[in-house]
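Have a look at the structure below, then the notes.
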Amino acid sequence: MKLSEIANLINGELTGNGDLDITNVGKIEYARPDEITFIANPIYERYYNSTNAGAIIVSKRFMPPKDSRNIPMVYVNDPYRAFLNLLEVFTPELKEREIGIHRSAVVADTAIISNVEVSIGANCYIGDKCVIGKHVTLFPNTVLLPGVIIKDDVAIYPNVTVHNNCKIGNRVIIHSGTIIGSDGFGQAKTADGSYVKIPQKGIVVIEDDVEIGSNCTIDRATLGETKIGKGVKIDNLIQIAHNVEIGENTVIAAQTGIAGSTKIGKNCMIGGKAGFVGHIEICDNVIITAAANVSKSITDPGIYSGYRARPQKQDLKQEALLRKIEEMQVKINNLEKLLNKNS
Amino acid sequence: MKLSEIANLINGELTGNGDLDITNVGKIEYARPDEITFIANPIYERYYNSTNAGAIIVSKRFMPPKDSRNIPMVYVNDPYRAFLNLLEVFTPELKEREIGIHRSAVVADTAIISNVEVSIGANCYIGDKCVIGKHVTLFPNTVLLPGVIIKDDVAIYPNVTVHNNCKIGNRVIIHSGTIIGSDGFGQAKTADGSYVKIPQKGIVVIEDDVEIGSNCTIDRATLGETKIGKGVKIDNLIQIAHNVEIGENTVIAAQTGIAGSTKIGKNCMIGGKAGFVGHIEICDNVIITAAANVSKSITDPGIYSGYRARPQKQDLKQEALLRKIEEMQVKINNLEKLLNKNS
Amino acid sequence: MKLSEIANLINGELTGNGDLDITNVGKIEYARPDEITFIANPIYERYYNSTNAGAIIVSKRFMPPKDSRNIPMVYVNDPYRAFLNLLEVFTPELKEREIGIHRSAVVADTAIISNVEVSIGANCYIGDKCVIGKHVTLFPNTVLLPGVIIKDDVAIYPNVTVHNNCKIGNRVIIHSGTIIGSDGFGQAKTADGSYVKIPQKGIVVIEDDVEIGSNCTIDRATLGETKIGKGVKIDNLIQIAHNVEIGENTVIAAQTGIAGSTKIGKNCMIGGKAGFVGHIEICDNVIITAAANVSKSITDPGIYSGYRARPQKQDLKQEALLRKIEEMQVKINNLEKLLNKNS
């Protein structure tokens, strides 16, 4: 595609040779002369002079570094969005799904499957009384135990397990290997020190527009519902225990764990490897930084960080003081010497 | 069911209208007027006046808050146990298993499968010389590699893998996506900086009455056995490395990791996200709090906590002192000023 | 096998009864009289007098403890290697793979599979245009989505998913339940607080001689490649985010997480449960201790440790100072009293 055509496609202003032939998009470090790249984040400006890309998409506010070479440019309002649009143009989707039920899939007679563009992959298992909506794709080797209800436009990747009676909303994406609705960790100690299992009778409800990463575990409620609110986005290897509730549009990065019955508010951002004890409540609009451990309810929006999470300002202040602890010790010793001399 | 019948069923003393018709059990925050709920933990007493439940099960020692409204009550010795019993009454099990071997399962000719109520689900794979006991359920898409031995009354959920020669005791439950007996992480560095794999020839032995959560990884021993003791309960996403041994009735919360050859005693309680280095020993009756990292053997029972785990009393004391570090700095500066003035 | 034959086999010098019949190898704590064991690590010397083993392999520099009993010994240069060799002799491999494509596997017509000793297990799925090299083993229930390319001598264990177009080098081992190439966690916030998915169009490239543990997640790049370098060894439950690159011969222990676009150098050693924020670079020959969190680029080789990782020397020094904080407080208070008295 000619560079001038690309500029038109993304509503950009072109400088340089519009006849340049562009065959793909590429990252600024690796792009080749027949590829177009972009700069959205200033930290990538350092590649401006060294990139092999044929052209660069930049913001209308972009100022090239001094003494920099000439390279064809396309100025747009939002370089990243423009780039994403080009990505779609240059990388057509692989045909990954076939409409229909693969001959090797096992589907219970009592399951109800929409006849509108559903794709059930090889070796899937669909249990008794499951209900599957329109435009749903189950990739190979996925298991739905009895009574699972899946709404429309859902994609479930391979080797996922959804346990009985769990409910999955519209446009939900569940990535490979994730387990929805396994038993919560409920064990009651008995007099002799052994434990008896507490039956886990609730379900998991995943609301519309949720995306869940790979190899996560979301346990069913002991009673009632473990609930993942509308628009929540969850990364990989995340543990969500029984009866947890997560508010709308909260995002959670990889390897975070949330213990039983804890409630997370709306629009929160939770970094990777964070931990939450059980039975606490986090209000809306809270940011938890990576590797923070939250052991008490949070009632004020803001940023919280640290091994024992507290407001980030406090945490950073104490951290700064800690780094002066050697200096403090020296001062104390000097004061002692001085006093001993004086007295 | 009439409330008076329920009171009889759970050996309780009824106050209020015994003719009330109860159709289900419910959590105190969400229960409806035709449901019965319970208070076992005092933190739920705050819902006493606001619950919509038709009746509440409470302890015989329960005192209603002052000025509280009248609501039918059932007084019992152990409200939680009474509630669990009712749970069984009101929520009959879904029929999730069918006796027999599903036509899509692949079973080696040399496998020996009990003819007493075994259920092998769709798309399961059972390798050479596996032995499967009575009343065992393998849910769909589970894989047993050759030589696995499973005793009686075991349930293995979907997408589990058990590697060759591992042994699973009576009444064990393994939840979805868990891997038993994959190779331990044994790599020997060579002169050129690359690594060669150390063969992992041992097995995993899971004793009776163990429950293992979803997406865990329990590695086979390099030689000998990785051993999960009788009655151990393990939550989700837990890593147990080669040659680890865990003593009877120890419970471990989600996302904890135990490195190679470490031995954990009996009756320990280990919080979520805890970590243990390899080659250490933890004695019986130890409690490790969530997110603690244990790098040395522990020889005294008790509670251990902190990023570098130590006895909780020490840990909390130091944490309290740390919070005074600013104050300390101020004092030091004042002392310095005072001394400078004086001298 | 006679002990004298074993001594020959491992090039060792025998002391004691060479006619002893040895039937297996065993760990020093558990070995029986007809088994041979070894001491490579001095911490196992404490078992020297108590082991029931029939013979012990030791280093040529080994000195038995004073007053110790007589037991047949084989002196070698490297006891551990000698032991590994015997392990191979005494424990023949189970027949776990059968050459050919199992009748229950589903293989796309357009997939290209080498005819040299490939084993495709039960219930595997191989998508459109996959390419599979010589001597490859796919264990049961593994899924390759369309376009996956696998070179020679690769083993992929059960319930693994490899997503479309990912590339796997020669002699790679992927353990059970691991997910290669699921979507990176790319979400763009919109004006109303909800998120839109950023398409993940790149792939994962796994170079030669890599071993990846169980239930890991390695996300595909947004664009370009997530790259696992030649000879890298990865333990279980590890998260590797989109566009991460890991240099040759780096080893990573269980439950570590590496956030998006971070680059790890060659020959690094990373402990378990470590965390790395996104968009940083770690140079070659860095050691990160277990549970350390790395939030900045590292440009100097060495050991880094701590909740907020820094050079280990600094970290341990501060930790030692922290343990004196109570003493410091006492001193300050004494100084204050003294000064108050003096003034």
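In the structure tokens, chains take letters A, B, ... by order of appearance, with residues numbered from 1 within each chain and ligands from 1 in the order shown.
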Select, as a ChimeraX atom specification, those residues of chain A with any atom no more than 8 Å from chain B (distances computed using only C-alpha atoms). /A:106,123,125,141,143,145-146,159-161,177-179,182-183,185,187,193-195,198-199,201,215-217,223-224,237,239,257,275,277,293,307,318,321-322,328,331-332,335
Per DSSP on the backbone, what are the strand (DSSP E) residues of segment 265-332 of chain B, as a list in words? Met269, Ile270, Gly275, Phe276, Glu281, Ile282, Val286, Ile287, Ile288, Asn293, Val294, Gly302, Ile303, Tyr304, Ser305, Arg310 and Pro311 of chain B
Pull N, CA, C and O atoms from the residues just selected and write them as a tab-separated table (two decimals), in the first residue's frame.
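So part-v4.tsv came out as:
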chain	number	residue	atom	x	y	z
B	269	MET	N	-0.52	-24.46	59.44
B	269	MET	CA	-1.44	-23.65	58.65
B	269	MET	C	-0.61	-22.61	57.91
B	269	MET	O	0.06	-21.80	58.54
B	270	ILE	N	-0.70	-22.63	56.60
B	270	ILE	CA	0.15	-21.76	55.80
B	270	ILE	C	-0.74	-20.83	54.98
B	270	ILE	O	-1.61	-21.30	54.24
B	275	GLY	N	6.09	-18.31	50.78
B	275	GLY	CA	7.16	-18.96	50.02
B	275	GLY	C	8.12	-19.66	50.97
B	275	GLY	O	8.39	-19.16	52.07
B	276	PHE	N	8.65	-20.79	50.54
B	276	PHE	CA	9.63	-21.54	51.33
B	276	PHE	C	10.81	-21.84	50.42
B	276	PHE	O	10.62	-22.37	49.33
B	281	GLU	N	13.42	-27.48	57.04
B	281	GLU	CA	12.40	-28.27	57.73
B	281	GLU	C	11.58	-27.38	58.64
B	281	GLU	O	12.12	-26.59	59.40
B	282	ILE	N	10.27	-27.53	58.54
B	282	ILE	CA	9.35	-26.78	59.39
B	282	ILE	C	8.72	-27.80	60.34
B	282	ILE	O	8.18	-28.81	59.87
B	286	VAL	N	3.06	-25.25	63.12
B	286	VAL	CA	3.55	-23.90	62.79
B	286	VAL	C	2.49	-23.19	61.96
B	286	VAL	O	1.84	-23.79	61.12
B	287	ILE	N	2.31	-21.89	62.23
B	287	ILE	CA	1.43	-21.06	61.41
B	287	ILE	C	2.29	-20.05	60.67
B	287	ILE	O	3.09	-19.33	61.29
B	288	ILE	N	2.17	-20.02	59.36
B	288	ILE	CA	2.90	-19.05	58.54
B	288	ILE	C	1.84	-18.11	57.97
B	288	ILE	O	0.89	-18.55	57.32
B	293	ASN	N	7.85	-15.11	53.69
B	293	ASN	CA	8.86	-15.89	52.99
B	293	ASN	C	9.77	-16.55	54.01
B	293	ASN	O	10.41	-15.86	54.80
B	294	VAL	N	9.82	-17.86	53.97
B	294	VAL	CA	10.55	-18.63	54.99
B	294	VAL	C	11.85	-19.11	54.38
B	294	VAL	O	11.85	-19.84	53.39
B	302	GLY	N	4.49	-22.17	66.54
B	302	GLY	CA	4.13	-20.77	66.76
B	302	GLY	C	3.78	-20.10	65.45
B	302	GLY	O	3.70	-20.75	64.41
B	303	ILE	N	3.61	-18.79	65.52
B	303	ILE	CA	3.20	-18.00	64.35
B	303	ILE	C	4.42	-17.25	63.81
B	303	ILE	O	5.13	-16.60	64.58
B	304	TYR	N	4.61	-17.31	62.52
B	304	TYR	CA	5.74	-16.65	61.87
B	304	TYR	C	5.20	-15.75	60.76
B	304	TYR	O	4.30	-16.16	60.02
B	305	SER	N	5.76	-14.55	60.63
B	305	SER	CA	5.23	-13.62	59.64
B	305	SER	C	6.32	-12.71	59.10
B	305	SER	O	7.43	-12.66	59.64
B	310	ARG	N	9.81	-14.33	60.55
B	310	ARG	CA	10.37	-14.58	61.89
B	310	ARG	C	9.19	-14.66	62.84
B	310	ARG	O	8.05	-14.43	62.44
B	311	PRO	N	9.43	-14.98	64.11
B	311	PRO	CA	8.30	-15.09	65.04
B	311	PRO	C	7.44	-13.82	64.97
B	311	PRO	O	7.96	-12.70	64.98
Pick out the residues sitting within 8 Å of Thr110 of chain B, and hand them over as a PDB file with all heavy atoms, in the first residue's frame; count only C-alpha atoms, and ignore anything fewer than 6 positions along from it in its own chain.
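Result file follows (around.pdb):
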ATOM      1  N   ASP B 128      -1.160 -47.117  30.043  1.00  0.00           N
ATOM      2  CA  ASP B 128      -0.701 -48.472  30.349  1.00  0.00           C
ATOM      3  C   ASP B 128      -0.612 -48.759  31.841  1.00  0.00           C
ATOM      4  O   ASP B 128       0.006 -47.990  32.589  1.00  0.00           O
ATOM      5  CB  ASP B 128       0.736 -48.577  29.807  1.00  0.00           C
ATOM      6  CG  ASP B 128       0.842 -49.655  28.780  1.00  0.00           C
ATOM      7  OD1 ASP B 128      -0.153 -49.896  28.061  1.00  0.00           O
ATOM      8  OD2 ASP B 128       1.924 -50.263  28.703  1.00  0.00           O
ATOM      9  N   LYS B 129      -1.190 -49.865  32.256  1.00  0.00           N
ATOM     10  CA  LYS B 129      -0.971 -50.401  33.606  1.00  0.00           C
ATOM     11  C   LYS B 129      -1.439 -49.473  34.723  1.00  0.00           C
ATOM     12  O   LYS B 129      -0.978 -49.612  35.875  1.00  0.00           O
ATOM     13  CB  LYS B 129       0.505 -50.764  33.813  1.00  0.00           C
ATOM     14  CG  LYS B 129       0.954 -51.846  32.833  1.00  0.00           C
ATOM     15  CD  LYS B 129       2.364 -52.302  33.076  1.00  0.00           C
ATOM     16  CE  LYS B 129       2.732 -53.347  32.016  1.00  0.00           C
ATOM     17  NZ  LYS B 129       4.162 -53.615  31.941  1.00  0.00           N
ATOM     18  N   CYS B 130      -2.310 -48.520  34.408  1.00  0.00           N
ATOM     19  CA  CYS B 130      -2.936 -47.751  35.485  1.00  0.00           C
ATOM     20  C   CYS B 130      -3.864 -48.685  36.260  1.00  0.00           C
ATOM     21  O   CYS B 130      -4.416 -49.636  35.707  1.00  0.00           O
ATOM     22  CB  CYS B 130      -3.756 -46.587  34.929  1.00  0.00           C
ATOM     23  SG  CYS B 130      -2.746 -45.232  34.306  1.00  0.00           S
TER      24      CYS B 130
END
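As for atom CA of Val244 of chain C and atom CA of Asn170 of chain C, they are spaced 20.6 Å apart.
Atom CA of Ala309 of chain A lies 8.8 Å from atom CA of Lys296 of chain A.
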Test item, alpha helix (DSSP H) assignment across segment 53-99 of chain A, answer as a ChimeraX atom specification: /A:79-90
Might you pull out every residue within 10 Å of Met73 of chain B, with only C-alpha atoms counted and same-chain residues fewer than 4 positions away left off, and present them as a PyMOL selection string? chain B and resi 3+7+12-18+36-38+54-59
Output file for the selection above: N, CA, C and O atoms, as a short mmCIF file (atom, residue, chain, number, x, y, z; two decimals), in the first residue's frame:
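So out_24.cif came out as:
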data_model
loop_
_atom_site.label_atom_id
_atom_site.label_comp_id
_atom_site.auth_asym_id
_atom_site.auth_seq_id
_atom_site.Cartn_x
_atom_site.Cartn_y
_atom_site.Cartn_z
N LEU B 3 -40.75 -23.95 59.63
CA LEU B 3 -39.62 -23.59 60.49
C LEU B 3 -39.51 -24.53 61.68
O LEU B 3 -38.41 -24.88 62.13
N ALA B 7 -36.25 -26.62 62.88
CA ALA B 7 -35.71 -26.57 64.24
C ALA B 7 -35.48 -27.99 64.77
O ALA B 7 -34.43 -28.29 65.36
N GLY B 12 -32.60 -27.69 67.36
CA GLY B 12 -32.54 -26.32 67.85
C GLY B 12 -33.77 -25.96 68.68
O GLY B 12 -34.79 -26.64 68.65
N GLU B 13 -33.62 -24.86 69.43
CA GLU B 13 -34.77 -24.31 70.18
C GLU B 13 -35.32 -23.14 69.39
O GLU B 13 -34.62 -22.18 69.10
N LEU B 14 -36.63 -23.24 69.13
CA LEU B 14 -37.28 -22.25 68.27
C LEU B 14 -37.91 -21.14 69.10
O LEU B 14 -38.53 -21.40 70.12
N THR B 15 -37.70 -19.89 68.66
CA THR B 15 -38.55 -18.80 69.17
C THR B 15 -39.19 -18.15 67.96
O THR B 15 -38.53 -17.96 66.94
N GLY B 16 -40.47 -17.79 68.06
CA GLY B 16 -41.17 -17.17 66.93
C GLY B 16 -42.05 -18.18 66.21
O GLY B 16 -42.22 -19.33 66.64
N ASN B 17 -42.55 -17.74 65.06
CA ASN B 17 -43.58 -18.46 64.31
C ASN B 17 -43.06 -19.75 63.65
O ASN B 17 -42.42 -19.70 62.61
N GLY B 18 -43.38 -20.89 64.23
CA GLY B 18 -42.92 -22.17 63.71
C GLY B 18 -43.63 -22.59 62.45
O GLY B 18 -43.19 -23.52 61.76
N ILE B 36 -33.92 -19.17 55.34
CA ILE B 36 -33.34 -19.12 56.68
C ILE B 36 -31.84 -18.84 56.54
O ILE B 36 -31.19 -19.30 55.61
N THR B 37 -31.30 -18.00 57.45
CA THR B 37 -29.87 -17.70 57.42
C THR B 37 -29.26 -18.04 58.77
O THR B 37 -29.91 -18.69 59.58
N PHE B 38 -28.00 -17.62 59.01
CA PHE B 38 -27.34 -17.97 60.27
C PHE B 38 -26.34 -16.89 60.65
O PHE B 38 -25.88 -16.12 59.80
N GLY B 54 -36.22 -14.91 56.65
CA GLY B 54 -37.41 -15.21 57.45
C GLY B 54 -37.05 -15.66 58.85
O GLY B 54 -37.87 -15.51 59.78
N ALA B 55 -35.85 -16.21 59.03
CA ALA B 55 -35.44 -16.72 60.35
C ALA B 55 -33.92 -16.79 60.39
O ALA B 55 -33.27 -16.79 59.34
N ILE B 56 -33.39 -16.82 61.63
CA ILE B 56 -31.92 -16.86 61.79
C ILE B 56 -31.55 -17.99 62.74
O ILE B 56 -32.16 -18.14 63.80
N ILE B 57 -30.54 -18.75 62.36
CA ILE B 57 -29.96 -19.76 63.25
C ILE B 57 -28.82 -19.10 64.00
O ILE B 57 -27.93 -18.48 63.38
N VAL B 58 -28.83 -19.21 65.32
CA VAL B 58 -27.76 -18.58 66.11
C VAL B 58 -27.30 -19.55 67.19
O VAL B 58 -27.92 -20.58 67.45
N SER B 59 -26.20 -19.17 67.82
CA SER B 59 -25.65 -19.96 68.93
C SER B 59 -26.53 -19.79 70.16
O SER B 59 -27.17 -18.75 70.35
#
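Between atom CA of Ile99 of chain A and atom CA of Glu117 of chain A there is a distance of 5.6 Å.
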